[in-house]
Amino acid sequence: MQIESPIRELDACFLSESDRSRILDGLRTGDSVLRRFKSALHQRVYERVATKGLLGPDATVAWYYPAAEYLSDAAMLYALFPEERLAKWLRTVTLDITRTPTYDWVGPAFRDHSESLTGHLETAHLCWALSAVYDLARDAFSESEQVEIREALTGKGIALCRRWIDKNMHLANWRGILTSGILVAAAVLDEQELIDQYVSEWQQCALAFQPDGSYGESLQYGNYLAFALMLSYESLCRKYPEKAALLNVGAYGKGIRWVASCMFYTKPLTDNGSAFWGTEPRARAANFNDSAALFRPSGDLLLHLAARSDSAEEKGLARGLFATYYEPIFTQGPHELATFGMHNDWGFLTLPLLTHETKATSPQEVGLPLTTAFSNGHTFIRDAWVGKTIVAINGGGDGLYGPGHLHGDLNSFILVHNRERLLVDPGHSCYRNLIHGLESSTQTHNTCTFLLESETLGLQEDKAKAIMLEQKSVLPRRLLVNGVPGPTVDRGNRRLLVERDDAVSVVGSEVGTTYGAQIQNFSRFWLMGGSHVLFVIDRIEASQPVTTVWNWLVNNRDGQAQADAHHKCLTVRRNEAGMKLFHTGNGTIGHPVYGYVHDAYHVEPNQYGEGKPGSGLLYRWTESAPATTRTVVHAIALDEAIVLDKWQLKQEANAFTLSNDQKQWTLIVQDEATCHLSLISGHGRRWDVVPQDTTYSLIRI
């Protein structure tokens, strides 16, 4: 039975009476976007109602994980369109969680359950879940049931989250999520002293973002932290606007430029014999560190920025990303890991936030640079915003404001051409998989490793077991000392230059210290000419002779890569895109090692998103003899697969010319020791990469 709407004058944290009026008016007057998302919300919620409980038959996760999204969705729909069948489901599921022992509120078995019990991420999510229900659907419960919910939020949720914050002093996404669990619960319970106390904690958590809004852990975890801070803000801004005014949305809002730069394209995701991902377009993004290749920012977060940011550019970019990645595909699942940031989706705040009118703008409309770098080290080269080629680099950056979840991937890069990822980052899967340490190590990324005992090795597979120099990726935490964040954490990655002139872009990064004292310098330069030619130049200096290994991870996640390796050339074709990679050093290439390429993170092993062996083809060129210094060029041609064979490399001394029938680019290494480089187009135009003290400049000659 449908209950007449509205059933009461709203005084909720997450939905004001004016919010509800705008939604209902928009639905009556035919707002097509609002109607689609209301219809999708209704379908989503009532599919769960039909299961009689929280988890349906197709669930792949424990009950902790979807509780926040499932209950908040249902509570929002109830606040707009109350109905007894929905109220019954809300009571059943909410009271089951409410009455669950404190021990289970701590989280799954792999979380620390020692006394005194401490909260974890799952605890904060349960706070969000019950808070949304108490705020939006309170009158579906009796007075005594409401008391039970309040007591659970206070005695289990808030108490456990506070204990974690009191015990831990590091600044990263966890602190923001636990703080948000407290703030959201305090807001709906009208605990104003508690709100005042944790508003200052929120302000500290926002300092985990880099000054430009990028984030030091990963794209995925930056979204997760911003989502949690957003949820806190939204719980305050309607009923406690003076308290919400103390929260600096811009700390993460300015990061929308970084997010927009990280996004690649949308297209269907095929798989070997699996129809799980369906045929609808799915977003791809730069997945450095622990981040998913299938990534789009959370829909509620984008609309929150479109409504709340003080910057017109940030508002427009956020609304534009929502229009691109959600409006055409508004029913895309799975939804069970959405608030955990593992497979992002839109949620219960989408309807009220859609009623704030903001013009959607694209990166090209706001003039985001095609070649750009961010404080966290993520760097991008594009031929055009809607173009053929993207080079995404984890290069030189600043000290990290919130380090964690790092890979040994400095001077590694992802290479995209014709909407195909040709060279990829492996991504990550379940943290309790034994391979997680390997898939986050340097040897599984598109960068260099170094052998110290290569002369004693026999079989190819022994090289991965040898004494190998890899990058240190487990760094000290950034600690709060007397409530003040300590110094940022230096990874040892130094930016040398990021410049663009006409059709030429150059990026330079030095990361030698990340390998330890033996590697004194590992400078890598990426020089891109037009849309089809990329030169990668490595200058490596060591304190003792080492054998360099160049690692190249080819995307074979669906078994569709056609790769052919020859002594000095690796050719890769994927659908309509091709790459021809020439090695000009004295390395020898081996048969590919069967690596992993993951689509998305899952909390359990052997689930959707986890790559199989051979989903990544890891090709390695290994030097024939150890050395202390070398400068090695790799030349990469990118084109349609059918015409790839026309590209050839010609080398004359220190000049490397990559050409086909129509295009030609020549790289000249003018000085190996200083990495003075020249790039000459087929029309005779010349650009020089010139050393200047400790950095470089791009100069058109």
# chains A, B, ... in the order shown; residues from 1 in each chain; ligands from 1
>>> residues_around(residues="stretch 76-88 of chain A", least_positions_apart="2", cutoff="9 Å", atoms="only C-alpha atoms", output="JSON list (two decimals) with C-alpha atoms, in the first residue's frame")
[["chain", "number", "residue", "atom", "x", "y", "z"],
["A", 1, "MET", "CA", 0.00, 0.00, 0.00],
["A", 2, "GLN", "CA", 1.33, 3.46, -0.98],
["A", 3, "ILE", "CA", 1.24, 5.96, 1.86],
["A", 4, "GLU", "CA", 0.28, 9.49, 0.94],
["A", 5, "SER", "CA", 3.34, 11.70, 0.35],
["A", 6, "PRO", "CA", 4.41, 13.72, 2.18],
["A", 7, "ILE", "CA", 3.56, 11.90, 5.42],
["A", 10, "LEU", "CA", 10.56, 16.93, 6.78],
["A", 14, "PHE", "CA", 19.83, 14.49, 4.17],
["A", 15, "LEU", "CA", 16.55, 15.75, 2.68],
["A", 20, "ARG", "CA", 11.60, 17.01, -1.55],
["A", 23, "ILE", "CA", 12.22, 16.52, -6.61],
["A", 24, "LEU", "CA", 8.47, 16.01, -6.75],
["A", 38, "LYS", "CA", 14.00, 8.04, -9.71],
["A", 41, "LEU", "CA", 16.19, 3.99, -7.63],
["A", 42, "HIS", "CA", 12.71, 2.50, -7.36],
["A", 45, "VAL", "CA", 15.21, -0.78, -4.01],
["A", 46, "TYR", "CA", 12.25, -3.01, -4.77],
["A", 49, "VAL", "CA", 12.67, -5.70, -0.99],
["A", 71, "LEU", "CA", 19.64, 1.06, 3.40],
["A", 72, "SER", "CA", 20.27, 4.67, 2.37],
["A", 73, "ASP", "CA", 18.71, 4.01, -1.05],
["A", 74, "ALA", "CA", 15.62, 2.52, 0.59],
["A", 90, "LEU", "CA", 13.44, -1.27, 6.30],
["A", 91, "ARG", "CA", 12.32, -2.35, 9.77],
["A", 92, "THR", "CA", 13.43, -5.95, 9.25],
["A", 93, "VAL", "CA", 16.91, -5.17, 7.92],
["A", 132, "ALA", "CA", 20.25, 7.35, 6.84],
["A", 133, "VAL", "CA", 17.32, 5.21, 7.98],
["A", 136, "LEU", "CA", 14.81, 9.66, 6.46],
["A", 137, "ALA", "CA", 12.48, 6.84, 7.54],
["A", 140, "ALA", "CA", 8.49, 3.57, 9.94],
["A", 141, "PHE", "CA", 9.63, 2.50, 13.42],
["A", 348, "PHE", "CA", 20.74, 8.04, -2.31],
["A", 349, "LEU", "CA", 21.86, 11.67, -2.57],
["A", 351, "LEU", "CA", 17.98, 12.78, -6.47]]
>>> residues_around(residues="A:Asn555", least_positions_apart="6", cutoff="6 Å", atoms="only C-alpha atoms", output="VMD selection string")
chain A and resid 422 to 424 616
>>> residues_around(residues="stretch 433-445 of chain A", least_positions_apart="2", cutoff="7 Å", atoms="only C-alpha atoms", output="JSON, numbers by chain")
{"A": [407, 408, 409, 412, 425, 426, 428, 429, 430, 431, 447, 449, 470, 471, 551, 552, 553, 605]}
>>> residues_around(residues="stretch 297-312 of chain A", least_positions_apart="5", cutoff="8 Å", atoms="only C-alpha atoms", output="list in words")
Asn223, Ala226, Phe227, Met230, Val249, Gly250, Gly253, Val259, Leu317, Ala318, Arg319, Leu321, Phe322, Tyr326, Ala338, Gly341, Asn344, Asp345, Trp346, Gly347, Phe348, Leu349, Thr350, Leu353, Leu354, His356, Glu357 and Thr358 of chain A
>>> select_by_dssp(residues="stretch 393-507 of chain A", states="alpha helix (DSSP H)", output="ChimeraX atom specification")
/A:436-439
>>> write_last_selection(atoms="N, CA and C atoms", output="PDB file, in the first residue's frame")
ATOM      1  N   HIS A 436      49.158 -10.315  -4.049  1.00  0.00           N
ATOM      2  CA  HIS A 436      49.063  -8.854  -3.967  1.00  0.00           C
ATOM      3  C   HIS A 436      50.427  -8.193  -3.866  1.00  0.00           C
ATOM      4  N   GLY A 437      51.334  -8.809  -3.118  1.00  0.00           N
ATOM      5  CA  GLY A 437      52.674  -8.244  -3.023  1.00  0.00           C
ATOM      6  C   GLY A 437      53.381  -8.222  -4.357  1.00  0.00           C
ATOM      7  N   LEU A 438      53.128  -9.236  -5.180  1.00  0.00           N
ATOM      8  CA  LEU A 438      53.764  -9.300  -6.488  1.00  0.00           C
ATOM      9  C   LEU A 438      53.153  -8.308  -7.456  1.00  0.00           C
ATOM     10  N   GLU A 439      51.821  -8.199  -7.456  1.00  0.00           N
ATOM     11  CA  GLU A 439      51.185  -7.306  -8.421  1.00  0.00           C
ATOM     12  C   GLU A 439      51.410  -5.830  -8.080  1.00  0.00           C
TER      13      GLU A 439
END
>>> residues_around(residues="A:Leu269", least_positions_apart="5", cutoff="12 Å", atoms="only C-alpha atoms", output="list in words")
Ser274, Ala275, Phe276, Trp277, Gly278, Thr279, Glu280, Pro281, Arg282, Ala283, Arg284, Ala293, Leu294, Arg419, Glu420, Arg421, Arg557, Asp558, Gln560, Asp599, Ala600 and Gly609 of chain A
>>> closest_atom_pairs(of="stretch 236-302 of chain A", to="stretch 182-187 of chain A", cutoff="9 Å", atoms="only C-alpha atoms", output="CSV")
residue,atom,partner,partner_atom,distance
A:Leu236,CA,A:Ala187,CA,6.3
A:Lys239,CA,A:Ala187,CA,8.5
A:Tyr240,CA,A:Ala187,CA,8.4
>>> closest_residue(among="A:His335, A:Phe522, A:His378, A:Asn606", to="A:Asp58", atoms="only C-alpha atoms")
A:His335
>>> atom_distance(atom1="atom CA of A:Asn168", atom2="atom CA of A:Leu189")
25.3 Å
>>> residues_around(residues="stretch 398-405 of chain A", least_positions_apart="5", cutoff="10 Å", atoms="only C-alpha atoms", output="number ranges by chain")
A: 170-173, 205-211, 214-218, 221-222, 288-291, 374-377, 440, 473-479, 485-495
>>> write_last_selection(atoms="N, CA and C atoms", output="CSV table (one decimal), in the first residue's frame")
chain,number,residue,atom,x,y,z
A,170,HIS,N,47.6,8.4,12.3
A,170,HIS,CA,48.1,8.7,10.9
A,170,HIS,C,47.0,9.3,10.1
A,171,LEU,N,47.5,10.0,9.0
A,171,LEU,CA,46.6,10.8,8.2
A,171,LEU,C,46.4,10.1,6.8
A,172,ALA,N,45.3,9.5,6.6
A,172,ALA,CA,45.0,8.8,5.3
A,172,ALA,C,43.5,8.6,5.2
A,173,ASN,N,43.1,7.7,4.3
A,173,ASN,CA,41.6,7.6,4.1
A,173,ASN,C,40.9,7.0,5.3
A,205,CYS,N,41.4,15.7,8.5
A,205,CYS,CA,41.3,14.7,7.5
A,205,CYS,C,41.4,15.3,6.1
A,206,ALA,N,40.9,16.5,5.9
A,206,ALA,CA,40.9,17.1,4.6
A,206,ALA,C,42.4,17.5,4.2
A,207,LEU,N,43.3,17.5,5.2
A,207,LEU,CA,44.7,17.9,4.9
A,207,LEU,C,45.4,16.7,4.4
A,208,ALA,N,44.8,15.5,4.2
A,208,ALA,CA,45.4,14.4,3.6
A,208,ALA,C,45.5,14.6,2.1
A,209,PHE,N,44.7,15.5,1.5
A,209,PHE,CA,44.8,15.7,0.1
A,209,PHE,C,46.0,16.6,-0.2
A,210,GLN,N,46.5,16.5,-1.4
A,210,GLN,CA,47.6,17.3,-1.8
A,210,GLN,C,47.1,18.8,-2.0
A,211,PRO,N,48.0,19.7,-2.0
A,211,PRO,CA,47.5,21.1,-2.2
A,211,PRO,C,46.7,21.4,-3.4
A,214,SER,N,44.8,16.6,-5.6
A,214,SER,CA,45.1,15.2,-5.9
A,214,SER,C,45.4,14.5,-4.6
A,215,TYR,N,45.5,13.1,-4.7
A,215,TYR,CA,45.6,12.4,-3.5
A,215,TYR,C,46.8,11.4,-3.6
A,216,GLY,N,47.5,11.2,-2.5
A,216,GLY,CA,48.7,10.4,-2.5
A,216,GLY,C,48.6,8.9,-2.5
A,217,GLU,N,47.4,8.4,-2.2
A,217,GLU,CA,47.2,6.9,-2.2
A,217,GLU,C,46.9,6.4,-3.6
A,218,SER,N,45.8,6.8,-4.1
A,218,SER,CA,45.4,6.4,-5.4
A,218,SER,C,44.1,7.1,-5.8
A,221,TYR,N,41.2,5.5,-3.8
A,221,TYR,CA,41.1,5.9,-2.4
A,221,TYR,C,40.9,7.4,-2.2
A,222,GLY,N,41.3,8.2,-3.1
A,222,GLY,CA,41.0,9.6,-3.1
A,222,GLY,C,39.5,9.8,-3.2
A,288,PHE,N,46.9,4.0,-11.2
A,288,PHE,CA,48.1,3.8,-10.4
A,288,PHE,C,47.9,3.4,-9.0
A,289,ASN,N,48.8,2.7,-8.4
A,289,ASN,CA,48.7,2.3,-7.0
A,289,ASN,C,47.5,1.4,-6.9
A,290,ASP,N,46.9,1.3,-5.7
A,290,ASP,CA,45.7,0.5,-5.5
A,290,ASP,C,44.5,1.2,-6.0
A,291,SER,N,44.3,1.1,-7.3
A,291,SER,CA,43.1,1.7,-7.9
A,291,SER,C,42.6,0.8,-9.0
A,374,PHE,N,50.5,16.6,-11.6
A,374,PHE,CA,49.8,16.9,-10.4
A,374,PHE,C,50.8,16.6,-9.2
A,375,SER,N,50.5,17.1,-8.1
A,375,SER,CA,51.4,17.1,-6.9
A,375,SER,C,51.7,15.7,-6.5
A,376,ASN,N,50.8,14.7,-6.7
A,376,ASN,CA,51.0,13.3,-6.3
A,376,ASN,C,51.8,12.6,-7.2
A,377,GLY,N,52.3,13.2,-8.3
A,377,GLY,CA,53.2,12.5,-9.3
A,377,GLY,C,52.5,12.1,-10.6
A,440,SER,N,51.9,-5.6,-6.9
A,440,SER,CA,52.2,-4.2,-6.5
A,440,SER,C,53.7,-3.9,-6.6
A,473,SER,N,58.0,0.7,-1.8
A,473,SER,CA,56.6,1.3,-1.9
A,473,SER,C,55.9,1.3,-0.5
A,474,VAL,N,56.5,0.8,0.5
A,474,VAL,CA,55.9,0.9,1.8
A,474,VAL,C,56.6,2.0,2.6
A,475,LEU,N,55.9,3.1,2.8
A,475,LEU,CA,56.5,4.3,3.3
A,475,LEU,C,56.0,4.6,4.7
A,476,PRO,N,56.7,5.4,5.5
A,476,PRO,CA,56.2,5.8,6.8
A,476,PRO,C,54.9,6.5,6.7
A,477,ARG,N,54.1,6.4,7.7
A,477,ARG,CA,52.8,7.2,7.7
A,477,ARG,C,53.1,8.6,8.1
A,478,ARG,N,52.2,9.5,7.6
A,478,ARG,CA,52.2,10.9,8.0
A,478,ARG,C,51.4,11.0,9.3
A,479,LEU,N,52.0,11.4,10.4
A,479,LEU,CA,51.4,11.3,11.7
A,479,LEU,C,50.9,12.7,12.1
A,485,PRO,N,49.4,17.9,11.6
A,485,PRO,CA,50.0,16.9,10.7
A,485,PRO,C,51.5,17.2,10.6
A,486,GLY,N,52.3,16.1,10.6
A,486,GLY,CA,53.7,16.1,10.5
A,486,GLY,C,54.2,16.4,9.1
A,487,PRO,N,55.5,16.3,8.8
A,487,PRO,CA,56.0,16.6,7.5
A,487,PRO,C,55.4,15.6,6.5
A,488,THR,N,55.3,16.1,5.2
A,488,THR,CA,54.9,15.2,4.2
A,488,THR,C,56.0,14.1,4.0
A,489,VAL,N,55.6,13.0,3.3
A,489,VAL,CA,56.4,11.8,3.1
A,489,VAL,C,57.0,11.8,1.7
A,490,ASP,N,58.3,11.8,1.6
A,490,ASP,CA,59.0,11.9,0.3
A,490,ASP,C,59.2,10.5,-0.3
A,491,ARG,N,58.7,10.2,-1.5
A,491,ARG,CA,58.9,9.0,-2.1
A,491,ARG,C,60.2,8.9,-2.8
A,492,GLY,N,60.8,10.0,-3.1
A,492,GLY,CA,62.1,10.1,-3.8
A,492,GLY,C,61.9,10.3,-5.3
A,493,ASN,N,60.7,10.7,-5.7
A,493,ASN,CA,60.4,10.9,-7.1
A,493,ASN,C,60.5,12.4,-7.4
A,494,ARG,N,61.4,12.8,-8.3
A,494,ARG,CA,61.7,14.2,-8.6
A,494,ARG,C,61.2,14.6,-10.0
A,495,ARG,N,60.4,15.6,-10.1
A,495,ARG,CA,60.0,16.1,-11.4
A,495,ARG,C,61.1,16.9,-12.1
>>> atom_distance(atom1="atom CA of A:Leu638", atom2="atom CA of A:His417")
6.8 Å
>>> residues_around(residues="stretch 163-165 of chain A", least_positions_apart="3", cutoff="10 Å", atoms="only C-alpha atoms", output="list in words")
Ser116, Leu117, Thr118, Gly119, His120, Leu121, Ile158, Ala159, Leu160, Asn168, Met169, His170, Trp174, Arg175, Gly176, Leu178, Thr179 and Glu201 of chain A
>>> write_last_selection(atoms="all heavy atoms", output="tab-separated table (two decimals), in the first residue's frame")
chain	number	residue	atom	x	y	z
A	116	SER	N	40.22	-3.86	24.05
A	116	SER	CA	38.84	-3.42	23.91
A	116	SER	C	38.50	-3.23	22.43
A	116	SER	O	39.33	-2.75	21.65
A	116	SER	CB	38.63	-2.11	24.66
A	116	SER	OG	39.53	-1.12	24.21
A	117	LEU	N	37.29	-3.61	22.07
A	117	LEU	CA	36.90	-3.64	20.67
A	117	LEU	C	37.04	-2.27	20.03
A	117	LEU	O	36.70	-1.23	20.62
A	117	LEU	CB	35.47	-4.14	20.55
A	117	LEU	CG	35.23	-5.60	20.97
A	117	LEU	CD1	33.74	-5.92	20.92
A	117	LEU	CD2	36.02	-6.55	20.07
A	118	THR	N	37.53	-2.29	18.79
A	118	THR	CA	37.79	-1.05	18.04
A	118	THR	C	37.06	-1.12	16.71
A	118	THR	O	36.98	-2.19	16.09
A	118	THR	CB	39.31	-0.88	17.80
A	118	THR	OG1	39.97	-0.85	19.05
A	118	THR	CG2	39.59	0.40	17.04
A	119	GLY	N	36.58	0.01	16.26
A	119	GLY	CA	35.88	0.06	14.98
A	119	GLY	C	36.83	0.01	13.80
A	119	GLY	O	38.04	0.21	13.92
A	120	HIS	N	36.27	-0.28	12.63
A	120	HIS	CA	37.01	-0.31	11.38
A	120	HIS	C	36.13	0.32	10.30
A	120	HIS	O	35.08	0.89	10.60
A	120	HIS	CB	37.41	-1.75	11.03
A	120	HIS	CG	38.36	-2.35	12.01
A	120	HIS	ND1	37.95	-3.08	13.10
A	120	HIS	CD2	39.72	-2.30	12.09
A	120	HIS	CE1	38.99	-3.47	13.82
A	120	HIS	NE2	40.09	-3.00	13.23
A	121	LEU	N	36.56	0.22	9.06
A	121	LEU	CA	35.81	0.83	7.97
A	121	LEU	C	34.36	0.35	7.98
A	121	LEU	O	33.42	1.15	7.79
A	121	LEU	CB	36.45	0.50	6.62
A	121	LEU	CG	37.88	0.99	6.40
A	121	LEU	CD1	38.38	0.53	5.04
A	121	LEU	CD2	37.97	2.51	6.50
A	158	ILE	N	29.31	4.88	17.11
A	158	ILE	CA	30.13	6.03	17.50
A	158	ILE	C	31.25	5.62	18.44
A	158	ILE	O	32.41	6.03	18.29
A	158	ILE	CB	29.25	7.13	18.13
A	158	ILE	CG1	28.34	7.75	17.07
A	158	ILE	CG2	30.12	8.21	18.78
A	158	ILE	CD1	27.34	8.77	17.63
A	159	ALA	N	30.93	4.79	19.43
A	159	ALA	CA	31.94	4.39	20.43
A	159	ALA	C	33.10	3.66	19.78
A	159	ALA	O	34.28	3.92	20.08
A	159	ALA	CB	31.28	3.51	21.49
A	160	LEU	N	32.81	2.72	18.86
A	160	LEU	CA	33.88	1.96	18.20
A	160	LEU	C	34.71	2.86	17.28
A	160	LEU	O	35.94	2.74	17.23
A	160	LEU	CB	33.28	0.80	17.41
A	160	LEU	CG	32.67	-0.34	18.22
A	160	LEU	CD1	31.98	-1.34	17.30
A	160	LEU	CD2	33.73	-1.05	19.05
A	168	ASN	N	44.80	5.74	16.80
A	168	ASN	CA	45.59	5.88	15.58
A	168	ASN	C	45.82	7.36	15.26
A	168	ASN	O	44.89	8.16	15.33
A	168	ASN	CB	44.90	5.21	14.40
A	168	ASN	CG	44.81	3.70	14.57
A	168	ASN	OD1	45.74	2.98	14.24
A	168	ASN	ND2	43.69	3.23	15.11
A	169	MET	N	47.03	7.68	14.86
A	169	MET	CA	47.41	9.07	14.65
A	169	MET	C	47.88	9.35	13.22
A	169	MET	O	48.48	10.39	12.98
A	169	MET	CB	48.52	9.47	15.62
A	169	MET	CG	48.07	9.59	17.07
A	169	MET	SD	46.87	10.95	17.29
A	169	MET	CE	45.39	10.04	17.70
A	170	HIS	N	47.64	8.43	12.28
A	170	HIS	CA	48.13	8.69	10.93
A	170	HIS	C	47.02	9.29	10.06
A	170	HIS	O	45.83	9.09	10.31
A	170	HIS	CB	48.71	7.43	10.29
A	170	HIS	CG	47.72	6.31	10.12
A	170	HIS	ND1	47.35	5.49	11.17
A	170	HIS	CD2	47.04	5.88	9.04
A	170	HIS	CE1	46.49	4.60	10.74
A	170	HIS	NE2	46.28	4.81	9.44
A	174	TRP	N	41.53	6.09	5.98
A	174	TRP	CA	40.85	5.47	7.12
A	174	TRP	C	40.34	6.51	8.13
A	174	TRP	O	39.22	6.41	8.61
A	174	TRP	CB	41.81	4.50	7.83
A	174	TRP	CG	41.79	3.11	7.29
A	174	TRP	CD1	42.23	2.69	6.08
A	174	TRP	CD2	41.28	1.95	7.95
A	174	TRP	NE1	42.06	1.34	5.95
A	174	TRP	CE2	41.49	0.85	7.08
A	174	TRP	CE3	40.71	1.72	9.20
A	174	TRP	CZ2	41.11	-0.45	7.43
A	174	TRP	CZ3	40.35	0.42	9.55
A	174	TRP	CH2	40.54	-0.64	8.66
A	175	ARG	N	41.18	7.47	8.44
A	175	ARG	CA	40.78	8.46	9.44
A	175	ARG	C	39.55	9.24	8.99
A	175	ARG	O	38.65	9.53	9.78
A	175	ARG	CB	41.95	9.41	9.72
A	175	ARG	CG	41.77	10.25	10.96
A	175	ARG	CD	43.02	10.98	11.39
A	175	ARG	NE	42.90	11.41	12.78
A	175	ARG	CZ	43.22	10.67	13.82
A	175	ARG	NH1	43.68	9.46	13.64
A	175	ARG	NH2	43.06	11.13	15.06
A	176	GLY	N	39.51	9.56	7.70
A	176	GLY	CA	38.36	10.28	7.17
A	176	GLY	C	37.09	9.47	7.21
A	176	GLY	O	36.00	10.00	7.50
A	178	LEU	N	36.34	6.88	9.31
A	178	LEU	CA	35.90	6.71	10.70
A	178	LEU	C	35.34	8.02	11.26
A	178	LEU	O	34.34	8.01	12.01
A	178	LEU	CB	37.05	6.20	11.56
A	178	LEU	CG	37.30	4.69	11.64
A	178	LEU	CD1	36.18	3.97	12.37
A	178	LEU	CD2	37.53	4.06	10.28
A	179	THR	N	35.96	9.13	10.91
A	179	THR	CA	35.44	10.44	11.34
A	179	THR	C	34.06	10.68	10.77
A	179	THR	O	33.16	11.18	11.46
A	179	THR	CB	36.41	11.55	10.90
A	179	THR	OG1	37.65	11.39	11.59
A	179	THR	CG2	35.84	12.92	11.21
A	201	GLU	N	38.15	17.44	13.56
A	201	GLU	CA	38.79	16.23	13.05
A	201	GLU	C	38.61	16.13	11.53
A	201	GLU	O	39.53	15.74	10.81
A	201	GLU	CB	38.19	15.00	13.74
A	201	GLU	CG	38.94	13.71	13.49
A	201	GLU	CD	40.29	13.66	14.18
A	201	GLU	OE1	40.35	13.89	15.39
A	201	GLU	OE2	41.29	13.41	13.48
>>> select_by_dssp(residues="stretch 208-338 of chain A", states="strand (DSSP E or B)", output="PDB file with N, CA and C atoms, in the first residue's frame")
ATOM      1  N   PHE A 209      44.691  15.453   1.491  1.00  0.00           N
ATOM      2  CA  PHE A 209      44.772  15.733   0.063  1.00  0.00           C
ATOM      3  C   PHE A 209      45.970  16.632  -0.222  1.00  0.00           C
ATOM      4  N   TYR A 215      45.546  13.147  -4.727  1.00  0.00           N
ATOM      5  CA  TYR A 215      45.638  12.359  -3.503  1.00  0.00           C
ATOM      6  C   TYR A 215      46.774  11.364  -3.616  1.00  0.00           C
ATOM      7  N   MET A 263      40.683  10.248 -16.389  1.00  0.00           N
ATOM      8  CA  MET A 263      39.675   9.478 -17.115  1.00  0.00           C
ATOM      9  C   MET A 263      40.095   9.278 -18.566  1.00  0.00           C
ATOM     10  N   PHE A 264      39.884   8.057 -19.070  1.00  0.00           N
ATOM     11  CA  PHE A 264      40.286   7.711 -20.436  1.00  0.00           C
ATOM     12  C   PHE A 264      39.104   7.747 -21.400  1.00  0.00           C
ATOM     13  N   TYR A 265      38.157   6.830 -21.229  1.00  0.00           N
ATOM     14  CA  TYR A 265      37.041   6.675 -22.175  1.00  0.00           C
ATOM     15  C   TYR A 265      36.044   5.699 -21.570  1.00  0.00           C
ATOM     16  N   THR A 266      34.910   5.505 -22.239  1.00  0.00           N
ATOM     17  CA  THR A 266      33.975   4.435 -21.889  1.00  0.00           C
ATOM     18  C   THR A 266      33.779   3.547 -23.109  1.00  0.00           C
ATOM     19  N   LYS A 267      33.690   2.248 -22.854  1.00  0.00           N
ATOM     20  CA  LYS A 267      33.380   1.270 -23.887  1.00  0.00           C
ATOM     21  C   LYS A 267      33.049  -0.045 -23.208  1.00  0.00           C
ATOM     22  N   ARG A 282      31.634   0.959 -20.132  1.00  0.00           N
ATOM     23  CA  ARG A 282      32.155   1.097 -18.781  1.00  0.00           C
ATOM     24  C   ARG A 282      33.417   1.963 -18.817  1.00  0.00           C
ATOM     25  N   ALA A 283      33.541   2.798 -17.798  1.00  0.00           N
ATOM     26  CA  ALA A 283      34.625   3.775 -17.765  1.00  0.00           C
ATOM     27  C   ALA A 283      35.962   3.102 -17.486  1.00  0.00           C
ATOM     28  N   ARG A 284      37.024   3.645 -18.091  1.00  0.00           N
ATOM     29  CA  ARG A 284      38.404   3.256 -17.793  1.00  0.00           C
ATOM     30  C   ARG A 284      39.154   4.494 -17.309  1.00  0.00           C
ATOM     31  N   ALA A 285      40.133   4.266 -16.439  1.00  0.00           N
ATOM     32  CA  ALA A 285      40.888   5.391 -15.887  1.00  0.00           C
ATOM     33  C   ALA A 285      42.303   4.948 -15.557  1.00  0.00           C
TER      34      ALA A 285
END
>>> decode(residues="stretch 271-279 of chain A", atoms="N, CA and C atoms", output="PDB file, in the first residue's frame")
ATOM      1  N   ASP A 271      35.208 -10.077 -21.994  1.00  0.00           N
ATOM      2  CA  ASP A 271      35.973 -10.978 -21.140  1.00  0.00           C
ATOM      3  C   ASP A 271      35.972 -12.360 -21.762  1.00  0.00           C
ATOM      4  N   ASN A 272      36.895 -13.170 -21.319  1.00  0.00           N
ATOM      5  CA  ASN A 272      36.995 -14.531 -21.853  1.00  0.00           C
ATOM      6  C   ASN A 272      35.824 -15.379 -21.382  1.00  0.00           C
ATOM      7  N   GLY A 273      34.840 -15.560 -22.248  1.00  0.00           N
ATOM      8  CA  GLY A 273      33.739 -16.464 -21.943  1.00  0.00           C
ATOM      9  C   GLY A 273      32.801 -16.001 -20.855  1.00  0.00           C
ATOM     10  N   SER A 274      32.911 -14.768 -20.395  1.00  0.00           N
ATOM     11  CA  SER A 274      32.062 -14.282 -19.310  1.00  0.00           C
ATOM     12  C   SER A 274      31.199 -13.132 -19.809  1.00  0.00           C
ATOM     13  N   ALA A 275      29.945 -13.158 -19.401  1.00  0.00           N
ATOM     14  CA  ALA A 275      29.038 -12.065 -19.765  1.00  0.00           C
ATOM     15  C   ALA A 275      28.766 -11.164 -18.567  1.00  0.00           C
ATOM     16  N   PHE A 276      29.598 -11.248 -17.521  1.00  0.00           N
ATOM     17  CA  PHE A 276      29.307 -10.539 -16.276  1.00  0.00           C
ATOM     18  C   PHE A 276      29.189  -9.039 -16.493  1.00  0.00           C
ATOM     19  N   TRP A 277      30.122  -8.460 -17.256  1.00  0.00           N
ATOM     20  CA  TRP A 277      30.146  -7.003 -17.392  1.00  0.00           C
ATOM     21  C   TRP A 277      29.119  -6.496 -18.387  1.00  0.00           C
ATOM     22  N   GLY A 278      28.466  -7.389 -19.122  1.00  0.00           N
ATOM     23  CA  GLY A 278      27.441  -6.950 -20.051  1.00  0.00           C
ATOM     24  C   GLY A 278      28.008  -6.242 -21.265  1.00  0.00           C
ATOM     25  N   THR A 279      27.121  -5.564 -21.990  1.00  0.00           N
ATOM     26  CA  THR A 279      27.514  -4.892 -23.234  1.00  0.00           C
ATOM     27  C   THR A 279      27.504  -3.378 -23.123  1.00  0.00           C
TER      28      THR A 279
END
